[in-house]
Structures are given as C-alpha cells and as structure tokens.
$ cat run01.txt   # compact mmCIF, C-alpha atoms and all ligand atoms
# COMPACT_ATOMS: atom_id res chain seq x y z
CA MET H 1 -0.67 -24.28 -1.83
CA HIS H 2 1.37 -21.69 -3.63
CA LEU H 3 1.31 -17.92 -4.13
CA THR H 4 3.40 -15.76 -6.46
CA ILE H 5 4.17 -12.19 -5.45
CA GLY H 6 5.28 -9.64 -8.04
CA TYR H 7 7.46 -6.87 -6.63
CA LEU H 8 7.26 -3.91 -9.04
CA TYR H 9 9.93 -1.21 -9.27
CA ALA H 10 11.84 -2.56 -6.28
CA THR H 11 15.01 -0.61 -7.07
CA GLY H 12 13.62 2.91 -7.40
CA MET H 13 10.47 2.68 -5.30
CA ASN H 14 11.55 1.41 -1.90
CA VAL H 15 11.73 4.02 0.86
CA TYR H 16 11.35 3.73 4.64
CA GLY H 17 11.56 -0.05 4.56
CA ASP H 18 8.71 -0.62 2.09
CA ARG H 19 10.36 -3.91 1.04
CA GLY H 20 9.37 -5.15 4.50
CA ASN H 21 5.79 -5.48 3.21
CA VAL H 22 6.90 -8.18 0.78
CA LEU H 23 8.98 -9.92 3.46
CA THR H 24 5.96 -9.93 5.78
CA LEU H 25 3.64 -11.45 3.19
CA VAL H 26 6.23 -14.12 2.38
CA GLN H 27 6.95 -14.99 6.00
CA ARG H 28 3.32 -15.12 7.10
CA CYS H 29 2.60 -17.52 4.23
CA ARG H 30 5.62 -19.72 4.96
CA TRP H 31 4.75 -19.97 8.65
CA ARG H 32 1.51 -21.55 7.48
CA GLY H 33 3.12 -23.95 5.02
CA ILE H 34 2.10 -21.89 1.96
CA ASP H 35 4.87 -21.77 -0.68
CA VAL H 36 5.69 -18.30 -2.01
CA ASP H 37 7.81 -17.03 -4.88
CA VAL H 38 8.77 -13.39 -5.30
CA VAL H 39 9.50 -12.11 -8.80
CA GLU H 40 10.83 -8.58 -9.28
CA ARG H 41 9.79 -6.50 -12.29
CA GLY H 42 11.60 -3.25 -13.04
CA VAL H 43 10.94 -0.38 -15.42
CA GLY H 44 10.76 -1.63 -19.03
CA GLU H 45 10.13 -5.26 -18.09
CA SER H 46 6.54 -5.32 -19.21
CA SER H 47 4.66 -8.56 -19.67
CA PRO H 48 1.36 -9.91 -18.37
CA LEU H 49 0.83 -9.53 -14.65
CA ASP H 50 -2.46 -11.33 -14.06
CA HIS H 51 -0.83 -14.67 -13.23
CA PHE H 52 0.52 -13.05 -10.04
CA ASP H 53 -1.49 -13.49 -6.87
CA VAL H 54 -0.21 -10.32 -5.21
CA LEU H 55 1.55 -7.28 -6.66
CA PHE H 56 3.40 -4.81 -4.48
CA ALA H 57 5.04 -1.44 -5.23
CA GLY H 58 6.46 1.04 -2.74
CA GLY H 59 7.16 4.74 -2.40
CA GLY H 60 9.93 6.82 -3.87
CA GLN H 61 11.18 10.28 -4.60
CA ASP H 62 9.52 12.48 -7.23
CA ARG H 63 12.45 11.83 -9.62
CA ASP H 64 11.96 8.05 -9.31
CA GLN H 65 8.28 8.50 -10.04
CA VAL H 66 9.08 9.96 -13.48
CA ALA H 67 10.34 6.62 -14.85
CA VAL H 68 7.48 4.72 -13.21
CA SER H 69 4.90 7.11 -14.62
CA GLN H 70 6.36 6.60 -18.11
CA ASP H 71 6.42 2.83 -17.64
CA LEU H 72 2.78 2.83 -16.57
CA GLN H 73 1.85 4.51 -19.86
CA SER H 74 3.27 1.46 -21.70
CA ASP H 75 2.26 -2.23 -21.82
CA THR H 76 3.04 -2.56 -18.11
CA GLY H 77 0.25 -0.13 -17.27
CA ARG H 78 -2.21 -2.05 -19.43
CA ALA H 79 -1.06 -5.31 -17.82
CA LEU H 80 -1.56 -3.80 -14.37
CA VAL H 81 -5.07 -2.60 -15.23
CA ASP H 82 -5.92 -6.11 -16.52
CA ALA H 83 -4.52 -7.71 -13.38
CA ILE H 84 -6.55 -5.41 -11.14
CA GLU H 85 -9.73 -5.98 -13.17
CA ASN H 86 -9.04 -9.72 -12.78
CA GLY H 87 -8.98 -9.37 -9.00
CA VAL H 88 -5.24 -9.64 -8.37
CA VAL H 89 -4.40 -8.31 -4.91
CA VAL H 90 -2.35 -5.13 -5.26
CA LEU H 91 -0.76 -3.03 -2.53
CA THR H 92 0.82 0.29 -3.47
CA ILE H 93 2.45 2.73 -1.10
CA CYS H 94 2.83 6.51 -1.42
CA GLY H 95 4.66 7.23 -4.72
CA THR H 96 3.12 4.32 -6.61
CA TYR H 97 -0.23 4.83 -4.89
CA GLN H 98 -0.23 8.37 -6.33
CA LEU H 99 0.50 6.99 -9.82
CA LEU H 100 -2.43 4.58 -9.68
CA GLY H 101 -4.60 7.70 -9.65
CA HIS H 102 -5.03 9.97 -12.69
CA PHE H 103 -1.84 11.99 -12.14
CA PHE H 104 0.69 13.40 -9.71
CA LYS H 105 1.49 17.09 -10.19
CA THR H 106 4.96 17.78 -8.76
CA VAL H 107 5.94 20.91 -6.85
CA SER H 108 7.50 22.30 -10.06
CA GLY H 109 4.20 21.85 -11.88
CA GLU H 110 5.18 18.82 -13.94
CA ILE H 111 2.29 16.41 -14.50
CA LEU H 112 3.25 12.75 -14.11
CA PRO H 113 0.37 10.79 -15.65
CA GLY H 114 -0.93 7.81 -13.73
CA LEU H 115 -3.10 4.80 -14.49
CA GLY H 116 -6.43 6.21 -13.32
CA ILE H 117 -7.34 2.92 -11.68
CA PHE H 118 -8.08 4.93 -8.54
CA ASP H 119 -10.44 7.78 -9.39
CA ALA H 120 -8.19 10.28 -7.61
CA THR H 121 -5.66 13.02 -8.35
CA THR H 122 -2.57 14.16 -6.43
CA GLU H 123 -0.83 17.54 -6.31
CA ALA H 124 2.28 18.43 -4.35
CA GLY H 125 1.67 20.96 -1.59
CA PRO H 126 4.03 23.56 -0.13
CA ARG H 127 4.90 21.53 3.00
CA ARG H 128 5.41 17.85 3.59
CA PHE H 129 3.16 15.76 5.79
CA ILE H 130 5.55 13.90 8.08
CA GLY H 131 4.71 11.83 11.14
CA ASP H 132 2.90 8.91 12.70
CA VAL H 133 -0.52 7.94 11.42
CA ILE H 134 -3.36 5.91 12.86
CA VAL H 135 -6.19 4.95 10.53
CA ASP H 136 -9.52 3.20 11.20
CA VAL H 137 -10.31 0.69 8.49
CA HIS H 138 -13.43 -1.36 7.69
CA LEU H 139 -12.80 -4.24 5.32
CA GLY H 140 -15.81 -6.50 4.83
CA ASP H 141 -16.67 -7.67 8.37
CA GLU H 142 -13.27 -6.66 9.69
CA VAL H 143 -12.72 -3.50 11.67
CA MET H 144 -9.09 -2.72 12.45
CA SER H 145 -6.71 0.12 13.02
CA LEU H 146 -3.58 0.58 10.93
CA VAL H 147 -0.47 2.31 12.21
CA GLY H 148 2.26 3.74 10.01
CA PHE H 149 4.49 6.66 9.18
CA GLU H 150 3.83 9.17 6.42
CA ASN H 151 6.23 11.46 4.56
CA HIS H 152 4.78 13.05 1.45
CA SER H 153 4.19 16.38 -0.21
CA GLY H 154 1.38 15.02 -2.37
CA ARG H 155 -2.23 15.78 -1.48
CA THR H 156 -4.49 13.09 -2.88
CA TYR H 157 -8.14 13.90 -3.50
CA LEU H 158 -10.49 10.99 -4.08
CA ARG H 159 -13.38 11.41 -6.49
CA SER H 160 -15.68 8.38 -6.75
CA CYS H 161 -13.01 6.14 -5.28
CA GLN H 162 -13.46 4.51 -1.89
CA PRO H 163 -10.87 5.42 0.79
CA LEU H 164 -8.90 2.71 2.55
CA GLY H 165 -9.82 4.25 5.89
CA ILE H 166 -10.44 7.29 8.04
CA VAL H 167 -7.55 9.06 9.72
CA ARG H 168 -7.58 9.20 13.51
CA VAL H 169 -4.11 10.75 13.78
CA GLY H 170 -2.09 12.23 10.93
CA ALA H 171 -2.74 13.82 7.56
CA GLY H 172 -3.53 10.82 5.35
CA ASN H 173 -4.56 11.63 1.79
CA ASN H 174 -4.56 15.41 2.03
CA GLY H 175 -4.65 16.66 5.63
CA ALA H 176 -8.16 18.07 5.10
CA ASP H 177 -10.91 15.54 4.43
CA GLY H 178 -9.95 12.82 6.93
CA THR H 179 -9.48 10.08 4.36
CA GLU H 180 -6.46 7.84 3.94
CA GLY H 181 -5.59 5.64 1.00
CA ALA H 182 -7.85 4.16 -1.62
CA ARG H 183 -9.39 0.89 -2.67
CA TYR H 184 -10.64 -0.37 -6.03
CA ARG H 185 -11.51 -4.08 -6.28
CA ASN H 186 -8.57 -5.84 -4.58
CA ALA H 187 -6.15 -2.97 -5.24
CA PHE H 188 -5.16 -0.81 -2.27
CA GLY H 189 -3.19 2.40 -2.01
CA ALA H 190 -1.85 3.86 1.24
CA TYR H 191 0.52 6.56 2.43
CA LEU H 192 1.71 4.36 5.29
CA HIS H 193 5.38 3.46 5.42
CA GLY H 194 7.18 2.00 8.35
CA PRO H 195 6.81 -0.53 6.67
CA LEU H 196 3.05 -1.01 6.88
CA LEU H 197 2.45 -4.76 7.13
CA PRO H 198 4.82 -6.01 9.89
CA LYS H 199 2.98 -4.06 12.59
CA ASN H 200 -0.44 -4.45 11.02
CA PRO H 201 -0.65 -8.26 10.80
CA ARG H 202 -4.43 -8.34 10.39
CA PHE H 203 -4.17 -6.26 7.23
CA ALA H 204 -1.35 -8.51 5.96
CA ASP H 205 -3.57 -11.54 6.55
CA TYR H 206 -6.53 -9.83 4.91
CA LEU H 207 -4.45 -9.45 1.73
CA ILE H 208 -3.20 -13.05 1.87
CA GLN H 209 -6.75 -14.27 2.44
CA LEU H 210 -8.00 -12.33 -0.61
CA ALA H 211 -5.22 -13.82 -2.74
CA LEU H 212 -5.92 -17.37 -1.54
CA ALA H 213 -9.68 -16.98 -2.06
CA ARG H 214 -9.10 -15.79 -5.63
CA ARG H 215 -6.77 -18.71 -6.44
CA TYR H 216 -8.28 -21.54 -4.38
CA GLY H 217 -11.81 -20.48 -3.46
CA GLU H 218 -12.97 -19.74 0.08
CA TRP H 219 -10.04 -20.08 2.42
CA HIS H 220 -9.49 -19.64 6.15
CA LEU H 221 -6.02 -18.80 7.36
CA ALA H 222 -4.68 -20.58 10.41
CA PRO H 223 -4.00 -18.04 13.17
CA LEU H 224 -0.39 -17.21 14.04
CA ASP H 225 1.18 -16.18 17.32
CA ASP H 226 1.09 -12.42 16.72
CA ARG H 227 2.05 -11.27 20.21
CA LEU H 228 5.18 -9.51 18.96
CA GLU H 229 3.45 -7.90 15.98
CA ASN H 230 0.49 -6.78 18.09
CA ALA H 231 2.86 -5.38 20.71
CA ALA H 232 4.61 -3.35 17.98
CA HIS H 233 1.22 -2.05 16.80
CA GLN H 234 0.14 -1.18 20.33
CA ALA H 235 3.47 0.46 21.18
CA MET H 236 2.96 2.87 18.33
CA VAL H 237 -0.63 3.65 19.31
CA GLU H 238 0.53 4.36 22.86
CA ARG H 239 3.50 6.43 21.75
CA VAL H 240 1.21 8.66 19.70
CA ARG H 241 -1.22 8.91 22.61
CA ARG H 242 1.59 9.80 25.06
CA ARG H 243 3.60 12.23 22.95
CA GLY H 244 1.09 13.38 20.40
CA ARG H 245 1.93 13.24 16.75
CA ILE H 246 5.52 14.10 15.95
CA LYS H 247 5.59 17.72 14.72
CA SER H 248 5.11 17.71 11.01
CA GLY H 249 4.21 19.83 8.04
CA VAL H 250 0.53 19.85 8.97
CA LEU H 251 0.62 20.74 12.63
N1 LIG X 301 7.15 12.11 -4.02
C1 LIG X 301 5.93 11.84 -3.43
C2 LIG X 301 5.48 12.87 -2.39
O1 LIG X 301 6.30 13.42 -1.67
C3 LIG X 301 5.97 10.45 -2.87
C4 LIG X 301 6.75 10.32 -1.59
C5 LIG X 301 6.89 8.90 -1.11
O2 LIG X 301 6.66 7.96 -1.87
N2 LIG X 301 7.31 8.74 0.13
O3 LIG X 301 4.31 13.12 -2.32
$ encode --input "run01.txt" --output "structure tokens"
Amino acid sequence: MHLTIGYLYATGMNVYGDRGNVLTLVQRCRWRGIDVDVVERGVGESSPLDHFDVLFAGGGQDRDQVAVSQDLQSDTGRALVDAIENGVVVLTICGTYQLLGHFFKTVSGEILPGLGIFDATTEAGPRRFIGDVIVDVHLGDEVMSLVGFENHSGRTYLRSCQPLGIVRVGAGNNGADGTEGARYRNAFGAYLHGPLLPKNPRFADYLIQLALARRYGEWHLAPLDDRLENAAHQAMVERVRRRGRIKSGVL
C-alpha cells in the first residue's frame, strides 16, 4: 500500500504551520503501515499532477500569491485541473484556496487570476478576520466539527460551489453568509490554519480514505489511538466556549 503526496509551493505558501497538514497525513498513513512519499513542486516546476494521490498547498502573503497565480495560469494550472477532474484528493488552505477560485482581488485592487475550479471569487476587505474558528461539516455520512485559526483579509463568495461547512464560531469565507471553505469533487479549500489536520484527525482520515479508495477501491482505515488529537480538538472548543472568540477584525 503506497500513497504519493505532492506538496505545492511549499516555500512561499506555508504560514501558521500549514506544513503540519502534510506531516499529519504522512504520519497517520505510516502508523497504519501505508508507505508515503512526499514530493515538493515549486513555482515553474510544471508537469502532470494526476499520478499524485493527494496534493496540498498552504496559505501565504498577498505578495507570495502573485507568483502562484501566474504559475496557475501555466501548464501547472492545467495539470491541477486535470488532477482534480480525475479525482485526486486536494487540500488547499487560505491563499491557495483563494486562487482555486476565479480570482483574488487584493486590497490595492490588483486582480490575481485563479483556476476557477471552485466557482467562487475573493476580494480583500478593509479589516482582517483573525481568530479561532469552529465549523460544522457534513461529508458523506460523516458529521464532524473542525477547529482552526483564521487570518485573512479576503472575503470569499461562493457561487454554485458547495461550502466545506457552516461556521459556528468565526468569520469563515466572508463573515456574512455563515459558510466556510469549498468543495469540488475531492478538492477542498479552507481558511483554517493552525495547522488544520493535527487537531482534526477525522478530517485527515477522511482525506486519506478518499485517496485510498481512488487508488485501491473501497478501503477501511484501521482506527488509531486519537486520544491526544481529540483532546487538542476539545481543548480548543472549550477555550472558545470559555473565553469567546479572540477579538478580531469582525467582532
Ligand atoms: N493574503 C490572503 C488574505 O489575507 C491570504 C492569507 C493567508 O493565506 N493566510 O486574504
């Protein structure tokens, strides 16, 4: 059993520990005896991507998004669209999530074109959304909550695209319509840093399960001892309940 993870734009797009998402996927596979390779692909290193089982890309500053936006207008963007249409599991956070939509309009009015794989647009607002987030998510038969930390000026508005979940605490996509993140096929976008997957082990396993099912057919993951991970998740839920959301741009 073997999975290959492609880590896109690891140098520029890696804020608030986003790399931890890749480490979590790798470790949760290895604990189950599943071999994993991680291959990094930077700006300008375009080539087919659909042999990967999982692709990950994190968040970054507006200036780092410029190079990524340009790269996505090249062969890499076409390769990423093909991979997503072929069911590759993709997780994008914040800055790259925005660029999987149609565009990100920066605070200075510059339009950074995106891939349009998520039918959504993003525009920078006057204040940043900063703070803890709790999101309710329904994925197939699974109902779970995700906890994370957001820090973004971008307001993302979904058109026909399905959200990843509904915000219980925090701003999420735009601080107005209650949605957070997006999903198209097996591609997911989220504003949640922290990083996201270590303290949301069920979502990590959901992604691994999708990747294994695509490669090997129906597959059931052996359970792991997630006491520590679940305690981290719960600690955050309780902290938010106790203290309220940390003061942020929206409150
Ligand atoms: N620059 C984008 C914003 O502020 C993305 C930020 C991020 O990736 N954390 O909206």
$ residues_near_ligand --input "run01.txt" --ligand "ligand LIG 301 (chain X)" --cutoff "9 Å" --atoms "only C-alpha atoms and all ligand atoms" --output "ChimeraX atom specification"
/H:13-16,58-65,93-98,104,106,122-125,128-129,150-156,191-193
$ atom_distance --input "run01.txt" --atom1 "CA of Pro195 in chain H" --atom2 "CA of Leu23 in chain H"
10.2 Å
$ closest_residue --input "run01.txt" --among "H:Thr4, H:Asn174, H:Thr92, H:Ser47" --to "Leu25 in chain H" --atoms "all atoms listed in the file"
H:Thr4
$ residues_around --input "run01.txt" --residues "Val90 in chain H" --least-positions-apart "3" --cutoff "8 Å" --atoms "only C-alpha atoms" --output "PyMOL selection string"
chain H and resi 54-56+84+186-188
$ residues_around --input "run01.txt" --residues "Leu100 in chain H" --least-positions-apart "3" --cutoff "9 Å" --atoms "all atoms listed in the file" --output "ChimeraX atom specification"
/H:72,92,96-97,103,114-120,189
$ write_last_selection --input "run01.txt" --atoms "C-alpha atoms" --output "PDB file, keeping the file's coordinate frame"
ATOM      1  CA  LEU H  72       2.780   2.830 -16.570  1.00  0.00           C
ATOM      2  CA  THR H  92       0.820   0.290  -3.470  1.00  0.00           C
ATOM      3  CA  THR H  96       3.120   4.320  -6.610  1.00  0.00           C
ATOM      4  CA  TYR H  97      -0.230   4.830  -4.890  1.00  0.00           C
ATOM      5  CA  PHE H 103      -1.840  11.990 -12.140  1.00  0.00           C
ATOM      6  CA  GLY H 114      -0.930   7.810 -13.730  1.00  0.00           C
ATOM      7  CA  LEU H 115      -3.100   4.800 -14.490  1.00  0.00           C
ATOM      8  CA  GLY H 116      -6.430   6.210 -13.320  1.00  0.00           C
ATOM      9  CA  ILE H 117      -7.340   2.920 -11.680  1.00  0.00           C
ATOM     10  CA  PHE H 118      -8.080   4.930  -8.540  1.00  0.00           C
ATOM     11  CA  ASP H 119     -10.440   7.780  -9.390  1.00  0.00           C
ATOM     12  CA  ALA H 120      -8.190  10.280  -7.610  1.00  0.00           C
ATOM     13  CA  GLY H 189      -3.190   2.400  -2.010  1.00  0.00           C
TER      14      GLY H 189
END
$ residues_around --input "run01.txt" --residues "Leu228 in chain H" --least-positions-apart "5" --cutoff "12 Å" --atoms "only C-alpha atoms" --output "list in words"
Pro198, Lys199, Asn200, Pro201, His233, Gln234 and Ala235 of chain H
$ write_last_selection --input "run01.txt" --atoms "C-alpha atoms" --output "compact mmCIF listing (two decimals), keeping the file's coordinate frame"
# COMPACT_ATOMS: atom_id res chain seq x y z
CA PRO H 198 4.82 -6.01 9.89
CA LYS H 199 2.98 -4.06 12.59
CA ASN H 200 -0.44 -4.45 11.02
CA PRO H 201 -0.65 -8.26 10.80
CA HIS H 233 1.22 -2.05 16.80
CA GLN H 234 0.14 -1.18 20.33
CA ALA H 235 3.47 0.46 21.18
$ decode --input "run01.txt" --residues "range 76-155 of chain H" --atoms "C-alpha atoms" --output "mmCIF file, in the first residue's frame"
data_model
loop_
_atom_site.group_PDB
_atom_site.id
_atom_site.type_symbol
_atom_site.label_atom_id
_atom_site.label_comp_id
_atom_site.auth_asym_id
_atom_site.auth_seq_id
_atom_site.Cartn_x
_atom_site.Cartn_y
_atom_site.Cartn_z
ATOM 1 C CA THR H 76 0.725 23.681 -13.770
ATOM 2 C CA GLY H 77 -2.790 25.095 -13.609
ATOM 3 C CA ARG H 78 -3.949 22.830 -16.425
ATOM 4 C CA ALA H 79 -2.278 19.862 -14.702
ATOM 5 C CA LEU H 80 -4.035 20.737 -11.456
ATOM 6 C CA VAL H 81 -7.431 20.981 -13.169
ATOM 7 C CA ASP H 82 -6.830 17.565 -14.788
ATOM 8 C CA ALA H 83 -5.808 16.063 -11.458
ATOM 9 C CA ILE H 84 -8.928 17.404 -9.743
ATOM 10 C CA GLU H 85 -11.182 16.203 -12.576
ATOM 11 C CA ASN H 86 -9.501 12.788 -12.173
ATOM 12 C CA GLY H 87 -10.469 12.682 -8.502
ATOM 13 C CA VAL H 88 -7.092 13.413 -6.911
ATOM 14 C CA VAL H 89 -7.571 14.499 -3.296
ATOM 15 C CA VAL H 90 -6.571 18.151 -2.948
ATOM 16 C CA LEU H 91 -6.415 20.276 0.195
ATOM 17 C CA THR H 92 -5.745 23.995 -0.156
ATOM 18 C CA ILE H 93 -5.567 26.494 2.670
ATOM 19 C CA CYS H 94 -6.294 30.241 2.622
ATOM 20 C CA GLY H 95 -4.029 31.841 -0.032
ATOM 21 C CA THR H 96 -4.102 28.861 -2.388
ATOM 22 C CA TYR H 97 -7.755 28.184 -1.610
ATOM 23 C CA GLN H 98 -8.485 31.722 -2.850
ATOM 24 C CA LEU H 99 -6.549 31.036 -6.071
ATOM 25 C CA LEU H 100 -8.543 27.894 -6.819
ATOM 26 C CA GLY H 101 -11.500 30.247 -7.241
ATOM 27 C CA HIS H 102 -11.851 32.644 -10.184
ATOM 28 C CA PHE H 103 -9.673 35.409 -8.725
ATOM 29 C CA PHE H 104 -8.365 37.180 -5.643
ATOM 30 C CA LYS H 105 -8.638 40.978 -5.743
ATOM 31 C CA THR H 106 -6.007 42.445 -3.404
ATOM 32 C CA VAL H 107 -6.519 45.469 -1.176
ATOM 33 C CA SER H 108 -4.734 47.625 -3.784
ATOM 34 C CA GLY H 109 -7.193 46.477 -6.439
ATOM 35 C CA GLU H 110 -4.860 44.115 -8.284
ATOM 36 C CA ILE H 111 -6.649 41.075 -9.698
ATOM 37 C CA LEU H 112 -4.740 37.815 -9.228
ATOM 38 C CA PRO H 113 -6.413 35.321 -11.560
ATOM 39 C CA GLY H 114 -7.170 31.879 -10.185
ATOM 40 C CA LEU H 115 -8.058 28.494 -11.624
ATOM 41 C CA GLY H 116 -11.843 28.751 -11.328
ATOM 42 C CA ILE H 117 -12.067 25.166 -10.133
ATOM 43 C CA PHE H 118 -14.130 26.490 -7.221
ATOM 44 C CA ASP H 119 -16.962 28.632 -8.555
ATOM 45 C CA ALA H 120 -16.088 31.430 -6.133
ATOM 46 C CA THR H 121 -14.422 34.850 -6.047
ATOM 47 C CA THR H 122 -12.391 36.580 -3.326
ATOM 48 C CA GLU H 123 -11.855 40.272 -2.606
ATOM 49 C CA ALA H 124 -9.735 41.767 0.155
ATOM 50 C CA GLY H 125 -11.746 43.672 2.746
ATOM 51 C CA PRO H 126 -10.722 46.638 4.898
ATOM 52 C CA ARG H 127 -10.059 44.581 8.056
ATOM 53 C CA ARG H 128 -8.604 41.147 8.604
ATOM 54 C CA PHE H 129 -10.570 38.255 10.033
ATOM 55 C CA ILE H 130 -8.357 36.891 12.806
ATOM 56 C CA GLY H 131 -9.247 34.321 15.437
ATOM 57 C CA ASP H 132 -10.398 30.841 16.330
ATOM 58 C CA VAL H 133 -12.931 29.097 14.142
ATOM 59 C CA ILE H 134 -15.279 26.179 14.678
ATOM 60 C CA VAL H 135 -17.028 24.748 11.645
ATOM 61 C CA ASP H 136 -19.716 22.057 11.323
ATOM 62 C CA VAL H 137 -19.017 19.764 8.399
ATOM 63 C CA HIS H 138 -21.070 17.032 6.709
ATOM 64 C CA LEU H 139 -19.030 14.756 4.472
ATOM 65 C CA GLY H 140 -20.992 11.809 3.102
ATOM 66 C CA ASP H 141 -22.280 10.025 6.226
ATOM 67 C CA GLU H 142 -19.787 11.788 8.451
ATOM 68 C CA VAL H 143 -20.723 14.720 10.641
ATOM 69 C CA MET H 144 -17.814 16.399 12.390
ATOM 70 C CA SER H 145 -16.624 19.708 13.699
ATOM 71 C CA LEU H 146 -13.375 21.281 12.545
ATOM 72 C CA VAL H 147 -11.361 23.662 14.681
ATOM 73 C CA GLY H 148 -8.748 26.064 13.354
ATOM 74 C CA PHE H 149 -7.384 29.573 13.277
ATOM 75 C CA GLU H 150 -8.088 32.104 10.550
ATOM 76 C CA ASN H 151 -6.131 35.188 9.498
ATOM 77 C CA HIS H 152 -7.201 36.660 6.176
ATOM 78 C CA SER H 153 -8.359 39.866 4.566
ATOM 79 C CA GLY H 154 -10.001 38.035 1.674
ATOM 80 C CA ARG H 155 -13.777 37.616 1.589
#
